[in-house]
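Encoded as structure tokens, the structure appears first; notes follow it.
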Number of protein chains: 2
Amino acid sequence: MNEKKIIVIGGSAAGPKAAAKAKRVNRRADVKLFQKEPELSMATCGYPYYVGGAFDDRDMLIATPAGVKRDVNFFINVKGVEACVEIEVISIDRKNHKIVCKNLNNGGEEAYEYAKLIICSGSAPKIPPIPGINLKGITPLTRLKDADYLRKIRDEKKIKKAVVVGGGLIGLETCEALKLAGIEVTVVEMLPQILPFLEADFAKLAENYIRSKGVDIIVNDGVVEFFGENEHLKSVKLKSGKELACELAVIAIGVSPNSKLAAEAGLDIGEFNGISVNEYMQTSDSDVYAAGDCVEINHLITNRKMHAPFGDLANLEGRVAGENAALGNCVTFKGALQTGICKIFDFSAGCAGLSAIAAKKAGFTDIVTAVNASPDKPLFMKPNSLISKIIADKKTGAILGYQCIGQGDVGRQITTASLAISGKMKLDDIINLDLPYAPPFSLAIDHFIVSGHTLQNKIKGRMIGISVKEVYERVVVDKEKVFLLDMRGENEYEIMRLGVGEVLIPLGALTKRLSELPSDKNAEIICFCKVSMRGYEAAIILNDNGWKNVKVMEGGIMAWPYSREK
Amino acid sequence: MNEKKIIVIGGSAAGPKAAAKAKRVNRRADVKLFQKEPELSMATCGYPYYVGGAFDDRDMLIATPAGVKRDVNFFINVKGVEACVEIEVISIDRKNHKIVCKNLNNGGEEAYEYAKLIICSGSAPKIPPIPGINLKGITPLTRLKDADYLRKIRDEKKIKKAVVVGGGLIGLETCEALKLAGIEVTVVEMLPQILPFLEADFAKLAENYIRSKGVDIIVNDGVVEFFGENEHLKSVKLKSGKELACELAVIAIGVSPNSKLAAEAGLDIGEFNGISVNEYMQTSDSDVYAAGDCVEINHLITNRKMHAPFGDLANLEGRVAGENAALGNCVTFKGALQTGICKIFDFSAGCAGLSAIAAKKAGFTDIVTAVNASPDKPLFMKPNSLISKIIADKKTGAILGYQCIGQGDVGRQITTASLAISGKMKLDDIINLDLPYAPPFSLAIDHFIVSGHTLQNKIKGRMIGISVKEVYERVVVDKEKVFLLDMRGENEYEIMRLGVGEVLIPLGALTKRLSELPSDKNAEIICFCKVSMRGYEAAIILNDNGWKNVKVMEGGIMAWPYSREK
């Protein structure tokens, strides 16, 4: 019987998954995998936790859940896959169905035939081409050797100051790791905010939290030069002119698809420089598949292509590519939602689908959003405060996006949102969801469902919201006179308050103290409380008493990322 | 302007929610609420945590998330609802749109008119009519005064031994609370298993875990008599003849809808003795609504009625009833999935939708299930082992149910399942879900998605599963000779093993040791490992080498609830 020759390029996430799956579904296949690095199946997303000391056994990064090291022997004996490491594929000859490999140890070249090829060449860190970039002490954190380098720094305890260039997911995970290693860290982000998948005010809340942990964050500024002494990094210079002393700089400004090999072979490349694939993970050559960080995939809401270099997607794509390469096209990968989550100290931030800005960019002209600040659990279960924003299409009620931040774990809420979007649920479908409730796990009405209820109230015109950003800009920046009404108790006010000219009337006393409000029933009144639930109740009472321009500051003080009096 | 008179009966969960919502959406409404108990809006689900000492401030059980006590003043000042406590509604005169109330303090009776009535009369604990039931020391845990009684017992530290009658959610939460209070606890369950929403083998795993915490569990046995001394409980006698000394017995064998008032008023009552309502939460009288534990609702999969006395549903139903009573029918509550979760010590168990048995009962003749034992997080993040079962309709691939147990929090997995079922997702829709991944939160391929992959492998015929139960019954009970193959490493085998005659061949060595297998290629071979992932890989290799009757013991040793050699 003829063996079907399947070659997989790349041994990190998508590659091993594709190879193992191909062999599992077609034992007649001869599956070879070529990997440039010495290791296989590295848990790249785990590097920050190794660097930060969450665990000490490096082998855990390349082990199965049962603790078996995934090496060349493991792949041949367990998976039936011939994995060849420290071998770089240098060209693809599609006409003759061959690849040419270079042995990185002896420089020797060899050609291999394939019936089906799966390219999982991954991505490479973006390295800014600025002076001093080659100094010692500057590194990304994308390869295992980077993790080894940073872990050594942690263990040696010699380095005192570091700069993390880039305030995205990896940058912040790295920042936590370095901080836990006892290093003073400054994060420098070129954009006006960290965590670009979040709305600006949410990112600012995350920033405040991270600062509270003793990390400095500089936004709206970029590194323009690295200065060294004896070839070692000594400081970084920022666009603003500021100079930061540091012995270590970690570059985390994102990754680019490794698509050069594919491009040179004449395969179609997309607008984000990733390999173009269809839903079978098949490239423009029907005998060549591709998966993982090197490809572009569909965004399930916008139907546009995107580069989504996430470890979970790489595995899922690899699985599909492997099965199709082995059996012919039979399974599909339809796309993703840019779902993401990150832990920073004991805080987490996540999103699924589109932000309000992204939804507008994608052509949704009539969107509606609602901010929800409320706990994850009942008061008596030591709850964390979560803040989330839900984004929907006003006309259809389709859920377009969701983001949630807060102490503890926002994973449950982001998961709910991801499923709601995947399932093409409408607002009406999420307001009565039957979620698992018991006090240790959630509120009786889960935080996500409350987001739906708030959105419903806005759509039905029962609540007119105003963002903390607008209130801040009008009241604090432009010094506009607006009647701001804080509905909390006096004891709460003593502990924490905006102090921007607001009037305090506890909700329970409101009906008796209406005379303290503007006599002009058309005057704008903005109500809030800690989370603006009482702000909402107050607005209803005021409407009921004839005031016609009452707004609720969404998310209340919890959503206010600017400085407060107290 | 005429005020619309809305009367709400019941002040626990659904009632206050309905009343507050009605007033919020219709400020012209005159909303009165009658409550038999002295308290309002009690967090009933929190009682076990108060009893167990998770918190000490009893007021937290009746406070808003901001810590404000929900009393009569709160309801009138904040919600605009006139709440009347310690008043029992004794009859409903539908013809004249009146209710008659009895003041429980002075016995006085008074009648009130309504335009719309909302019945939220809740449920009552089932109390077995057996000798000795009125002894002191026997209590349910459904009212705040029960929680007070048990909390006092905890604080006084006089009682040493307790029996919990009933091994459902509340029984086990109570069992944890009493154990944490330093009391020796035995749980007595009449059914052959605890947690009846779980499949039997899963329930047995939960039982093993709870036993490991020092709690005794007796199944298949019931209390037939309580014995006392000086009116105080001294022991319980079981059907089996066993007698257990105890000074405290908590009755937790479920609740029945409080539908007597509604029945006496001639409203339709359903087969589970709950008030019949449509999707507007409207009873057979269009001016009377009902919500919460006193009603029957639709099961979203079977479309049959059920009694689902869950706190989260009561709130959601109350919200719908309140809005419709205030504005006319405009919102719906379509039903639920019997989603549930419970924490017992640091273990949790949950489900959404139907178990395999329930699916068969509901008329699904061709279902397929898959057991998945795998971690919740990567090896290097100190994972918990989760075990889950997914149930689907074989022909359509529709997800019918899911259950998951394990240490840590299974809430994320149950949430995913609930949404998948609500969204009427098919197997193909869940195998590539874009869930939030980072090592602190999940595996790269989340546990729930792995369940989908396993199910897919079974449906495609790539894996023939056999349950631990069948293996146990055939190999251990019936002493049948079956070739059982453990694919783990020798070190693993030394630490933990079934010891039922299995042969150990580490997966990596399998291809070299095929001669140790039955020479008859038609012989049945059952492969497994810790979780049966390696068992699955082994089955593929054996099939590939000509064996034709190879099965995988689903869930491996982790799913084996019976005694082991080691």
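Convention: chains lettered A, B, ... in structure tokens order; per-chain residue numbering from 1; ligands numbered from 1 as shown.
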Kindly provide the residues of chain B that approach chain A to within 7 Å, each paired with its closest atom pair and their distance in Å to one decimal, based on only C-alpha atoms, listed by chain and increasing number, as CSV.
residue,atom,partner,partner_atom,distance
B:Arg24,CA,A:Ile540,CA,6.9
B:Arg27,CA,A:Asp544,CA,6.6
B:Cys45,CA,A:Pro439,CA,6.6
B:Gly46,CA,A:Pro439,CA,6.3
B:Phe55,CA,A:Phe380,CA,6.3
B:Met60,CA,A:Phe380,CA,5.8
B:Pro65,CA,A:Leu379,CA,5.5
B:Phe74,CA,A:Gly508,CA,6.8
B:Asn77,CA,A:Gly508,CA,4.8
B:Val78,CA,A:Gly508,CA,5.1
B:Gly311,CA,A:Ala444,CA,6.2
B:Asp312,CA,A:Ala444,CA,4.4
B:Leu316,CA,A:Asn432,CA,6.1
B:Phe333,CA,A:Asn432,CA,6.7
B:Ala336,CA,A:Asp434,CA,5.7
B:Leu337,CA,A:Asp434,CA,6.3
B:Thr339,CA,A:Pro436,CA,5.4
B:Gly340,CA,A:Pro436,CA,4.8
B:Ile341,CA,A:Pro436,CA,5.3
B:Cys342,CA,A:Ala438,CA,6.2
B:Pro378,CA,A:Pro65,CA,6.8
B:Leu379,CA,A:Pro65,CA,5.5
B:Phe380,CA,A:Met60,CA,5.8
B:Gly411,CA,A:Pro436,CA,6.5
B:Arg412,CA,A:Arg412,CA,5.0
B:Ile414,CA,A:Pro436,CA,6.6
B:Thr415,CA,A:Leu435,CA,5.7
B:Thr416,CA,A:Thr416,CA,6.4
B:Ser418,CA,A:Leu435,CA,6.4
B:Leu419,CA,A:Leu419,CA,6.1
B:Ala420,CA,A:Leu419,CA,6.8
B:Gly423,CA,A:Gly423,CA,5.2
B:Met425,CA,A:Gly423,CA,6.8
B:Asn432,CA,A:Leu316,CA,6.1
B:Asp434,CA,A:Ala336,CA,5.7
B:Leu435,CA,A:Thr415,CA,5.7
B:Pro436,CA,A:Gly340,CA,4.8
B:Tyr437,CA,A:Ile341,CA,6.1
B:Ala438,CA,A:Cys342,CA,6.2
B:Pro439,CA,A:Gly46,CA,6.3
B:Phe441,CA,A:Gly411,CA,6.7
B:Ala444,CA,A:Asp312,CA,4.5
B:Ile445,CA,A:Asp312,CA,5.7
B:Leu507,CA,A:Val78,CA,6.2
B:Gly508,CA,A:Asn77,CA,4.8
B:Ala509,CA,A:Asn77,CA,6.9
B:Ile540,CA,A:Arg24,CA,6.8
B:Asp544,CA,A:Arg27,CA,6.5
For this session: Kindly indicate which residue among B:Ala249, B:Val215, B:Leu327, B:Leu141 lies nearest to Leu180 in chain B, using only C-alpha atoms for the distances.
Result: B:Val215
For this session: Run DSSP on the backbone of this structure and report the residues of range 277-413 of chain A it assigns to strand (DSSP E), as a count of residues only.
Result: 48
Quick one: everything within 10 Å of range 90-101 of chain A, counting only C-alpha atoms, minus sequence neighbours fewer than 5 positions away in the same chain. Send it as a PDB file with C-alpha atoms, in the first residue's frame.
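Saved as selection_4.pdb:
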ATOM      1  CA  ILE A   7       5.264  16.961   5.674  1.00  0.00           C
ATOM      2  CA  ILE A   9       6.849  22.570   8.764  1.00  0.00           C
ATOM      3  CA  PHE A  34      10.631  19.666  10.584  1.00  0.00           C
ATOM      4  CA  LYS A  36      14.130  24.723  13.396  1.00  0.00           C
ATOM      5  CA  GLY A 107      24.761  22.890   7.182  1.00  0.00           C
ATOM      6  CA  GLY A 108      23.836  19.923   5.009  1.00  0.00           C
ATOM      7  CA  GLU A 109      20.884  20.242   2.675  1.00  0.00           C
ATOM      8  CA  GLU A 110      18.402  17.574   1.757  1.00  0.00           C
ATOM      9  CA  ALA A 111      15.175  17.409  -0.236  1.00  0.00           C
ATOM     10  CA  TYR A 112      11.985  15.574   0.764  1.00  0.00           C
ATOM     11  CA  GLU A 113       8.934  14.751  -1.263  1.00  0.00           C
ATOM     12  CA  TYR A 114       5.432  15.406  -0.077  1.00  0.00           C
ATOM     13  CA  ALA A 115       1.943  14.566  -1.199  1.00  0.00           C
ATOM     14  CA  LYS A 116       0.529  17.124   1.205  1.00  0.00           C
ATOM     15  CA  LEU A 117       2.406  19.874   2.952  1.00  0.00           C
ATOM     16  CA  LYS A 260       8.402  34.370   3.709  1.00  0.00           C
ATOM     17  CA  LEU A 261       8.874  30.714   2.803  1.00  0.00           C
ATOM     18  CA  ALA A 262       5.281  30.479   1.603  1.00  0.00           C
ATOM     19  CA  ALA A 263       5.541  33.743  -0.322  1.00  0.00           C
ATOM     20  CA  GLU A 264       8.743  32.623  -2.042  1.00  0.00           C
ATOM     21  CA  ALA A 265       6.930  29.473  -3.079  1.00  0.00           C
ATOM     22  CA  GLY A 266       4.290  31.640  -4.724  1.00  0.00           C
ATOM     23  CA  LEU A 267       1.466  30.968  -2.281  1.00  0.00           C
ATOM     24  CA  ASP A 285      -2.169  25.417  -3.634  1.00  0.00           C
ATOM     25  CA  ASP A 287      -1.735  20.324  -1.785  1.00  0.00           C
ATOM     26  CA  VAL A 288      -0.488  22.822   0.758  1.00  0.00           C
TER      27      VAL A 288
END
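Restricting the calculation to only C-alpha atoms, the smallest distance between Lys213 in chain A and any of A:Leu191, A:Cys175, A:Val552, A:Cys404 is found for A:Cys175.
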For this session: List the neighbours of Pro561 in chain A out to 7 Å using only C-alpha atoms; skip same-chain residues closer than 5 positions along the sequence, and give me the result as a VMD selection string.
Result: chain A and resid 201 204 to 205
Using C-alpha atoms, can you write the selected residues to a file as a PDB file, in the first residue's frame?
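The resulting file, again-v5.pdb, is reproduced below:
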ATOM      1  CA  ASP A 201     -11.497  53.985  29.756  1.00  0.00           C
ATOM      2  CA  LYS A 204      -7.064  53.206  31.932  1.00  0.00           C
ATOM      3  CA  LEU A 205      -8.683  51.296  34.819  1.00  0.00           C
TER       4      LEU A 205
END
For this session: Would you please extract all alpha helix (DSSP H) residues from range 74-318 of chain A, as assigned by DSSP on the backbone, and give them as a PyMOL selection string?
Result: chain A and resi 74+144-156+169-180+200-212+260-264+311-318
Exercise. What's the 12 Å shell around range 519-525 of chain B, counting only C-alpha atoms, without same-chain residues fewer than 4 positions away, as number ranges by chain?
Worked result: B: 464-466, 471, 480-486, 502-503, 514-515, 535-536, 538-540, 542-553
For this session: Identify, on the basis of only C-alpha atoms, every residue whose closest approach to range 364-367 of chain B does not exceed 10 Å; exclude the query and any residue fewer than 2 positions from it along the same chain; express the result as a ChimeraX atom specification.
Result: /B:302,356-362,369,391-400
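Shortest atom-to-atom contact with His307 in chain A among A:Val468, A:Asn208, A:Ser123, A:Tyr149: A:Ser123, counting only C-alpha atoms.
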